[in-house]
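Text of the file start20.pdb, holding PDB, N, CA and C atoms:
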```
ATOM      1  N   MET A   1      -5.428  12.479 -10.714
ATOM      2  CA  MET A   1      -4.523  11.871  -9.778
ATOM      3  C   MET A   1      -3.125  12.004 -10.368
ATOM      4  N   ARG A   2      -2.160  12.312  -9.525
ATOM      5  CA  ARG A   2      -0.780  12.476  -9.980
ATOM      6  C   ARG A   2       0.087  11.411  -9.321
ATOM      7  N   VAL A   3       0.733  10.562 -10.144
ATOM      8  CA  VAL A   3       1.587   9.485  -9.649
ATOM      9  C   VAL A   3       2.914   9.561 -10.388
ATOM     10  N   ASN A   4       4.000   9.582  -9.630
ATOM     11  CA  ASN A   4       5.353   9.639 -10.201
ATOM     12  C   ASN A   4       5.477  10.746 -11.229
ATOM     13  N   GLN A   5       4.970  11.910 -10.916
ATOM     14  CA  GLN A   5       5.029  13.118 -11.740
ATOM     15  C   GLN A   5       4.251  13.013 -13.054
ATOM     16  N   LEU A   6       3.342  12.061 -13.152
ATOM     17  CA  LEU A   6       2.461  11.940 -14.310
ATOM     18  C   LEU A   6       1.016  12.078 -13.847
ATOM     19  N   SER A   7       0.212  12.738 -14.655
ATOM     20  CA  SER A   7      -1.203  12.894 -14.330
ATOM     21  C   SER A   7      -2.025  11.797 -14.992
ATOM     22  N   TYR A   8      -2.951  11.233 -14.226
ATOM     23  CA  TYR A   8      -3.859  10.207 -14.728
ATOM     24  C   TYR A   8      -5.284  10.660 -14.448
ATOM     25  N   ASN A   9      -6.131  10.541 -15.438
ATOM     26  CA  ASN A   9      -7.544  10.859 -15.265
ATOM     27  C   ASN A   9      -8.312   9.543 -15.132
ATOM     28  N   VAL A  10      -8.871   9.332 -13.965
ATOM     29  CA  VAL A  10      -9.661   8.130 -13.698
ATOM     30  C   VAL A  10     -11.074   8.583 -13.366
ATOM     31  N   ASP A  11     -12.054   8.042 -14.057
ATOM     32  CA  ASP A  11     -13.442   8.359 -13.742
ATOM     33  C   ASP A  11     -13.874   7.443 -12.597
ATOM     34  N   TRP A  12     -13.608   7.890 -11.381
ATOM     35  CA  TRP A  12     -13.864   7.067 -10.205
ATOM     36  C   TRP A  12     -15.343   6.735 -10.037
ATOM     37  N   THR A  13     -16.233   7.541 -10.582
ATOM     38  CA  THR A  13     -17.671   7.265 -10.443
ATOM     39  C   THR A  13     -18.079   6.009 -11.214
ATOM     40  N   LYS A  14     -17.275   5.596 -12.188
ATOM     41  CA  LYS A  14     -17.589   4.392 -12.972
ATOM     42  C   LYS A  14     -16.797   3.169 -12.518
ATOM     43  N   PHE A  15     -15.969   3.315 -11.488
ATOM     44  CA  PHE A  15     -15.119   2.226 -10.993
ATOM     45  C   PHE A  15     -15.956   1.335 -10.074
ATOM     46  N   LYS A  16     -16.472   0.241 -10.634
ATOM     47  CA  LYS A  16     -17.409  -0.626  -9.918
ATOM     48  C   LYS A  16     -16.690  -1.733  -9.150
ATOM     49  N   ILE A  17     -17.386  -2.272  -8.164
ATOM     50  CA  ILE A  17     -16.860  -3.377  -7.367
ATOM     51  C   ILE A  17     -16.550  -4.548  -8.298
ATOM     52  N   GLY A  18     -15.347  -5.123  -8.131
ATOM     53  CA  GLY A  18     -14.911  -6.248  -8.955
ATOM     54  C   GLY A  18     -14.065  -5.823 -10.142
ATOM     55  N   TRP A  19     -14.089  -4.554 -10.494
ATOM     56  CA  TRP A  19     -13.297  -4.063 -11.618
ATOM     57  C   TRP A  19     -11.869  -3.772 -11.166
ATOM     58  N   SER A  20     -10.954  -3.751 -12.138
ATOM     59  CA  SER A  20      -9.574  -3.391 -11.840
ATOM     60  C   SER A  20      -9.003  -2.609 -13.010
ATOM     61  N   PHE A  21      -7.880  -1.949 -12.740
ATOM     62  CA  PHE A  21      -7.145  -1.286 -13.811
ATOM     63  C   PHE A  21      -5.659  -1.313 -13.488
ATOM     64  N   PHE A  22      -4.855  -1.170 -14.529
ATOM     65  CA  PHE A  22      -3.400  -1.172 -14.411
ATOM     66  C   PHE A  22      -2.899   0.256 -14.476
ATOM     67  N   LEU A  23      -1.987   0.586 -13.566
ATOM     68  CA  LEU A  23      -1.402   1.915 -13.516
ATOM     69  C   LEU A  23       0.115   1.776 -13.639
ATOM     70  N   PRO A  24       0.703   2.142 -14.786
ATOM     71  CA  PRO A  24       2.155   2.072 -14.926
ATOM     72  C   PRO A  24       2.819   2.950 -13.863
ATOM     73  N   CYS A  25       3.817   2.390 -13.177
ATOM     74  CA  CYS A  25       4.391   3.119 -12.054
ATOM     75  C   CYS A  25       5.716   2.481 -11.658
ATOM     76  N   LEU A  26       6.790   3.258 -11.591
ATOM     77  CA  LEU A  26       8.081   2.729 -11.163
ATOM     78  C   LEU A  26       8.254   2.812  -9.655
ATOM     79  N   ARG A  27       7.862   3.924  -9.054
ATOM     80  CA  ARG A  27       7.962   4.081  -7.597
ATOM     81  C   ARG A  27       6.624   3.654  -6.991
ATOM     82  N   THR A  28       6.495   2.354  -6.808
ATOM     83  CA  THR A  28       5.202   1.762  -6.458
ATOM     84  C   THR A  28       4.690   2.170  -5.080
ATOM     85  N   GLU A  29       5.565   2.362  -4.109
ATOM     86  CA  GLU A  29       5.085   2.759  -2.774
ATOM     87  C   GLU A  29       4.447   4.135  -2.822
ATOM     88  N   GLU A  30       5.052   5.066  -3.542
ATOM     89  CA  GLU A  30       4.456   6.395  -3.709
ATOM     90  C   GLU A  30       3.127   6.291  -4.458
ATOM     91  N   GLY A  31       3.101   5.440  -5.474
ATOM     92  CA  GLY A  31       1.872   5.248  -6.245
ATOM     93  C   GLY A  31       0.748   4.689  -5.396
ATOM     94  N   LYS A  32       1.058   3.708  -4.564
ATOM     95  CA  LYS A  32       0.046   3.119  -3.681
ATOM     96  C   LYS A  32      -0.550   4.173  -2.757
ATOM     97  N   GLN A  33       0.302   4.995  -2.182
ATOM     98  CA  GLN A  33      -0.175   6.023  -1.257
ATOM     99  C   GLN A  33      -1.096   7.015  -1.952
ATOM    100  N   GLU A  34      -0.756   7.394  -3.171
ATOM    101  CA  GLU A  34      -1.599   8.343  -3.912
ATOM    102  C   GLU A  34      -2.954   7.709  -4.250
ATOM    103  N   VAL A  35      -2.945   6.458  -4.685
ATOM    104  CA  VAL A  35      -4.196   5.758  -4.999
ATOM    105  C   VAL A  35      -5.055   5.639  -3.745
ATOM    106  N   LEU A  36      -4.444   5.295  -2.616
ATOM    107  CA  LEU A  36      -5.202   5.157  -1.372
ATOM    108  C   LEU A  36      -5.804   6.480  -0.922
ATOM    109  N   LYS A  37      -5.093   7.586  -1.127
ATOM    110  CA  LYS A  37      -5.649   8.902  -0.776
ATOM    111  C   LYS A  37      -6.944   9.160  -1.538
ATOM    112  N   VAL A  38      -6.906   8.879  -2.839
ATOM    113  CA  VAL A  38      -8.070   9.156  -3.684
ATOM    114  C   VAL A  38      -9.208   8.187  -3.372
ATOM    115  N   THR A  39      -8.909   6.901  -3.282
ATOM    116  CA  THR A  39      -9.972   5.918  -3.054
ATOM    117  C   THR A  39     -10.599   6.070  -1.677
ATOM    118  N   ASN A  40      -9.822   6.451  -0.694
ATOM    119  CA  ASN A  40     -10.387   6.702   0.642
ATOM    120  C   ASN A  40     -11.356   7.874   0.607
ATOM    121  N   ARG A  41     -11.042   8.877  -0.177
ATOM    122  CA  ARG A  41     -11.918  10.041  -0.308
ATOM    123  C   ARG A  41     -13.281   9.634  -0.874
ATOM    124  N   PHE A  42     -13.291   8.613  -1.748
ATOM    125  CA  PHE A  42     -14.539   8.125  -2.338
ATOM    126  C   PHE A  42     -15.195   7.041  -1.484
ATOM    127  N   GLY A  43     -14.508   6.596  -0.436
ATOM    128  CA  GLY A  43     -15.052   5.552   0.425
ATOM    129  C   GLY A  43     -14.910   4.158  -0.164
ATOM    130  N   PHE A  44     -13.977   3.981  -1.105
ATOM    131  CA  PHE A  44     -13.765   2.681  -1.749
ATOM    132  C   PHE A  44     -12.761   1.865  -0.943
ATOM    133  N   GLU A  45     -12.978   0.559  -0.931
ATOM    134  CA  GLU A  45     -11.978  -0.365  -0.406
ATOM    135  C   GLU A  45     -11.319  -1.018  -1.608
ATOM    136  N   VAL A  46      -9.987  -0.963  -1.672
ATOM    137  CA  VAL A  46      -9.272  -1.497  -2.821
ATOM    138  C   VAL A  46      -8.162  -2.436  -2.379
ATOM    139  N   THR A  47      -7.775  -3.308  -3.299
ATOM    140  CA  THR A  47      -6.589  -4.137  -3.151
ATOM    141  C   THR A  47      -5.620  -3.683  -4.219
ATOM    142  N   ILE A  48      -4.365  -3.486  -3.816
ATOM    143  CA  ILE A  48      -3.353  -2.999  -4.750
ATOM    144  C   ILE A  48      -2.176  -3.965  -4.742
ATOM    145  N   LYS A  49      -1.761  -4.400  -5.925
ATOM    146  CA  LYS A  49      -0.609  -5.300  -6.042
ATOM    147  C   LYS A  49       0.378  -4.748  -7.057
ATOM    148  N   VAL A  50       1.655  -4.932  -6.761
ATOM    149  CA  VAL A  50       2.705  -4.579  -7.712
ATOM    150  C   VAL A  50       2.790  -5.716  -8.717
ATOM    151  N   VAL A  51       2.697  -5.385 -10.001
ATOM    152  CA  VAL A  51       2.703  -6.387 -11.060
ATOM    153  C   VAL A  51       3.562  -5.912 -12.231
ATOM    154  N   ILE A  52       3.882  -6.851 -13.099
ATOM    155  CA  ILE A  52       4.517  -6.522 -14.374
ATOM    156  C   ILE A  52       3.592  -7.048 -15.455
ATOM    157  N   GLU A  53       3.103  -6.153 -16.290
ATOM    158  CA  GLU A  53       2.194  -6.523 -17.381
ATOM    159  C   GLU A  53       2.800  -6.071 -18.696
ATOM    160  N   ASP A  54       2.940  -6.990 -19.619
ATOM    161  CA  ASP A  54       3.544  -6.702 -20.926
ATOM    162  C   ASP A  54       4.911  -6.039 -20.767
ATOM    163  N   GLY A  55       5.673  -6.479 -19.757
ATOM    164  CA  GLY A  55       7.010  -5.961 -19.526
ATOM    165  C   GLY A  55       7.053  -4.607 -18.836
ATOM    166  N   ILE A  56       5.924  -4.121 -18.350
ATOM    167  CA  ILE A  56       5.853  -2.810 -17.708
ATOM    168  C   ILE A  56       5.487  -2.996 -16.237
ATOM    169  N   ARG A  57       6.300  -2.425 -15.367
ATOM    170  CA  ARG A  57       6.047  -2.498 -13.921
ATOM    171  C   ARG A  57       4.994  -1.460 -13.550
ATOM    172  N   GLY A  58       4.119  -1.856 -12.632
ATOM    173  CA  GLY A  58       3.089  -0.922 -12.201
ATOM    174  C   GLY A  58       2.228  -1.507 -11.106
ATOM    175  N   LEU A  59       1.059  -0.916 -10.941
ATOM    176  CA  LEU A  59       0.116  -1.331  -9.917
ATOM    177  C   LEU A  59      -1.167  -1.820 -10.572
ATOM    178  N   ARG A  60      -1.710  -2.899 -10.055
ATOM    179  CA  ARG A  60      -3.037  -3.367 -10.441
ATOM    180  C   ARG A  60      -3.923  -3.037  -9.254
ATOM    181  N   ILE A  61      -4.966  -2.254  -9.498
ATOM    182  CA  ILE A  61      -5.878  -1.812  -8.453
ATOM    183  C   ILE A  61      -7.247  -2.431  -8.672
ATOM    184  N   TRP A  62      -7.751  -3.166  -7.666
ATOM    185  CA  TRP A  62      -9.080  -3.773  -7.706
ATOM    186  C   TRP A  62      -9.971  -3.076  -6.696
ATOM    187  N   ARG A  63     -11.186  -2.788  -7.077
ATOM    188  CA  ARG A  63     -12.155  -2.294  -6.088
ATOM    189  C   ARG A  63     -12.861  -3.502  -5.505
ATOM    190  N   VAL A  64     -12.764  -3.657  -4.193
ATOM    191  CA  VAL A  64     -13.360  -4.821  -3.533
ATOM    192  C   VAL A  64     -14.607  -4.461  -2.730
ATOM    193  N   ARG A  65     -14.812  -3.192  -2.431
ATOM    194  CA  ARG A  65     -16.011  -2.756  -1.717
ATOM    195  C   ARG A  65     -16.161  -1.272  -1.817
TER
END
```
Please render this file's structure as structure tokens.
Amino acid sequence: MRVNQLSYNVDWTKFKIGWSFFLPCLRTEEGKQEVLKVTNRFGFEVTIKVVIEDGIRGLRIWRVR
């Protein structure tokens, strides 16, 4: 997956319901759209929130279904 000109390798097959991960990202709207493209392809339902963790802005992505 490519977000804000950076490549991220996510093993989507291991992303279970209830799990979440943090994705560092400055342009959050672009990041959300890229995450939704990938998760829709896998048939996942996710919740995405813009957060700041340890002083770093990004997205927290939860798989909800």
request  = Please provide as a ChimeraX atom specification all residues within 6 Å of Lys49 (chain A), with the sequence filter that same-chain residues fewer than 3 positions apart are discarded (counting only N, CA and C atoms).
outcome  = /A:58-61
request  = Could you jot down the CA of Thr47 (chain A) to atom C of Phe21 (chain A) separation for me, Å, one decimal place?
outcome  = 10.8 Å
request  = With the file shown as input, list the residues that the PyMOL selection byres ((chain A and resi 24-30) around 6.5) selects, as a PyMOL selection string.
outcome  = chain A and resi 3-4+22-23+31-35+56-59
inquiry  = When you look at region 10-19 of chain A with a cut-off of 12 Å (counting only C-alpha atoms), what residues show up, excluding the ones that are within fewer than 5 positions of it in the same chain? I need them as number ranges by chain.
reply    = A: 1-2, 35, 38-47, 60-65
What does the file look like for those residues with N, CA and C atoms, as a PDB file, keeping the file's coordinate frame?
```pdb
ATOM      1  N   MET A   1      -5.428  12.479 -10.714  1.00  0.00           N
ATOM      2  CA  MET A   1      -4.523  11.871  -9.778  1.00  0.00           C
ATOM      3  C   MET A   1      -3.125  12.004 -10.368  1.00  0.00           C
ATOM      4  N   ARG A   2      -2.160  12.312  -9.525  1.00  0.00           N
ATOM      5  CA  ARG A   2      -0.780  12.476  -9.980  1.00  0.00           C
ATOM      6  C   ARG A   2       0.087  11.411  -9.321  1.00  0.00           C
ATOM      7  N   VAL A  35      -2.945   6.458  -4.685  1.00  0.00           N
ATOM      8  CA  VAL A  35      -4.196   5.758  -4.999  1.00  0.00           C
ATOM      9  C   VAL A  35      -5.055   5.639  -3.745  1.00  0.00           C
ATOM     10  N   VAL A  38      -6.906   8.879  -2.839  1.00  0.00           N
ATOM     11  CA  VAL A  38      -8.070   9.156  -3.684  1.00  0.00           C
ATOM     12  C   VAL A  38      -9.208   8.187  -3.372  1.00  0.00           C
ATOM     13  N   THR A  39      -8.909   6.901  -3.282  1.00  0.00           N
ATOM     14  CA  THR A  39      -9.972   5.918  -3.054  1.00  0.00           C
ATOM     15  C   THR A  39     -10.599   6.070  -1.677  1.00  0.00           C
ATOM     16  N   ASN A  40      -9.822   6.451  -0.694  1.00  0.00           N
ATOM     17  CA  ASN A  40     -10.387   6.702   0.642  1.00  0.00           C
ATOM     18  C   ASN A  40     -11.356   7.874   0.607  1.00  0.00           C
ATOM     19  N   ARG A  41     -11.042   8.877  -0.177  1.00  0.00           N
ATOM     20  CA  ARG A  41     -11.918  10.041  -0.308  1.00  0.00           C
ATOM     21  C   ARG A  41     -13.281   9.634  -0.874  1.00  0.00           C
ATOM     22  N   PHE A  42     -13.291   8.613  -1.748  1.00  0.00           N
ATOM     23  CA  PHE A  42     -14.539   8.125  -2.338  1.00  0.00           C
ATOM     24  C   PHE A  42     -15.195   7.041  -1.484  1.00  0.00           C
ATOM     25  N   GLY A  43     -14.508   6.596  -0.436  1.00  0.00           N
ATOM     26  CA  GLY A  43     -15.052   5.552   0.425  1.00  0.00           C
ATOM     27  C   GLY A  43     -14.910   4.158  -0.164  1.00  0.00           C
ATOM     28  N   PHE A  44     -13.977   3.981  -1.105  1.00  0.00           N
ATOM     29  CA  PHE A  44     -13.765   2.681  -1.749  1.00  0.00           C
ATOM     30  C   PHE A  44     -12.761   1.865  -0.943  1.00  0.00           C
ATOM     31  N   GLU A  45     -12.978   0.559  -0.931  1.00  0.00           N
ATOM     32  CA  GLU A  45     -11.978  -0.365  -0.406  1.00  0.00           C
ATOM     33  C   GLU A  45     -11.319  -1.018  -1.608  1.00  0.00           C
ATOM     34  N   VAL A  46      -9.987  -0.963  -1.672  1.00  0.00           N
ATOM     35  CA  VAL A  46      -9.272  -1.497  -2.821  1.00  0.00           C
ATOM     36  C   VAL A  46      -8.162  -2.436  -2.379  1.00  0.00           C
ATOM     37  N   THR A  47      -7.775  -3.308  -3.299  1.00  0.00           N
ATOM     38  CA  THR A  47      -6.589  -4.137  -3.151  1.00  0.00           C
ATOM     39  C   THR A  47      -5.620  -3.683  -4.219  1.00  0.00           C
ATOM     40  N   ARG A  60      -1.710  -2.899 -10.055  1.00  0.00           N
ATOM     41  CA  ARG A  60      -3.037  -3.367 -10.441  1.00  0.00           C
ATOM     42  C   ARG A  60      -3.923  -3.037  -9.254  1.00  0.00           C
ATOM     43  N   ILE A  61      -4.966  -2.254  -9.498  1.00  0.00           N
ATOM     44  CA  ILE A  61      -5.878  -1.812  -8.453  1.00  0.00           C
ATOM     45  C   ILE A  61      -7.247  -2.431  -8.672  1.00  0.00           C
ATOM     46  N   TRP A  62      -7.751  -3.166  -7.666  1.00  0.00           N
ATOM     47  CA  TRP A  62      -9.080  -3.773  -7.706  1.00  0.00           C
ATOM     48  C   TRP A  62      -9.971  -3.076  -6.696  1.00  0.00           C
ATOM     49  N   ARG A  63     -11.186  -2.788  -7.077  1.00  0.00           N
ATOM     50  CA  ARG A  63     -12.155  -2.294  -6.088  1.00  0.00           C
ATOM     51  C   ARG A  63     -12.861  -3.502  -5.505  1.00  0.00           C
ATOM     52  N   VAL A  64     -12.764  -3.657  -4.193  1.00  0.00           N
ATOM     53  CA  VAL A  64     -13.360  -4.821  -3.533  1.00  0.00           C
ATOM     54  C   VAL A  64     -14.607  -4.461  -2.730  1.00  0.00           C
ATOM     55  N   ARG A  65     -14.812  -3.192  -2.431  1.00  0.00           N
ATOM     56  CA  ARG A  65     -16.011  -2.756  -1.717  1.00  0.00           C
ATOM     57  C   ARG A  65     -16.161  -1.272  -1.817  1.00  0.00           C
TER      58      ARG A  65
END
```
Between atom N of Gln5 (chain A) and atom C of Lys37 (chain A), distance in Å (one decimal) = 15.4 Å
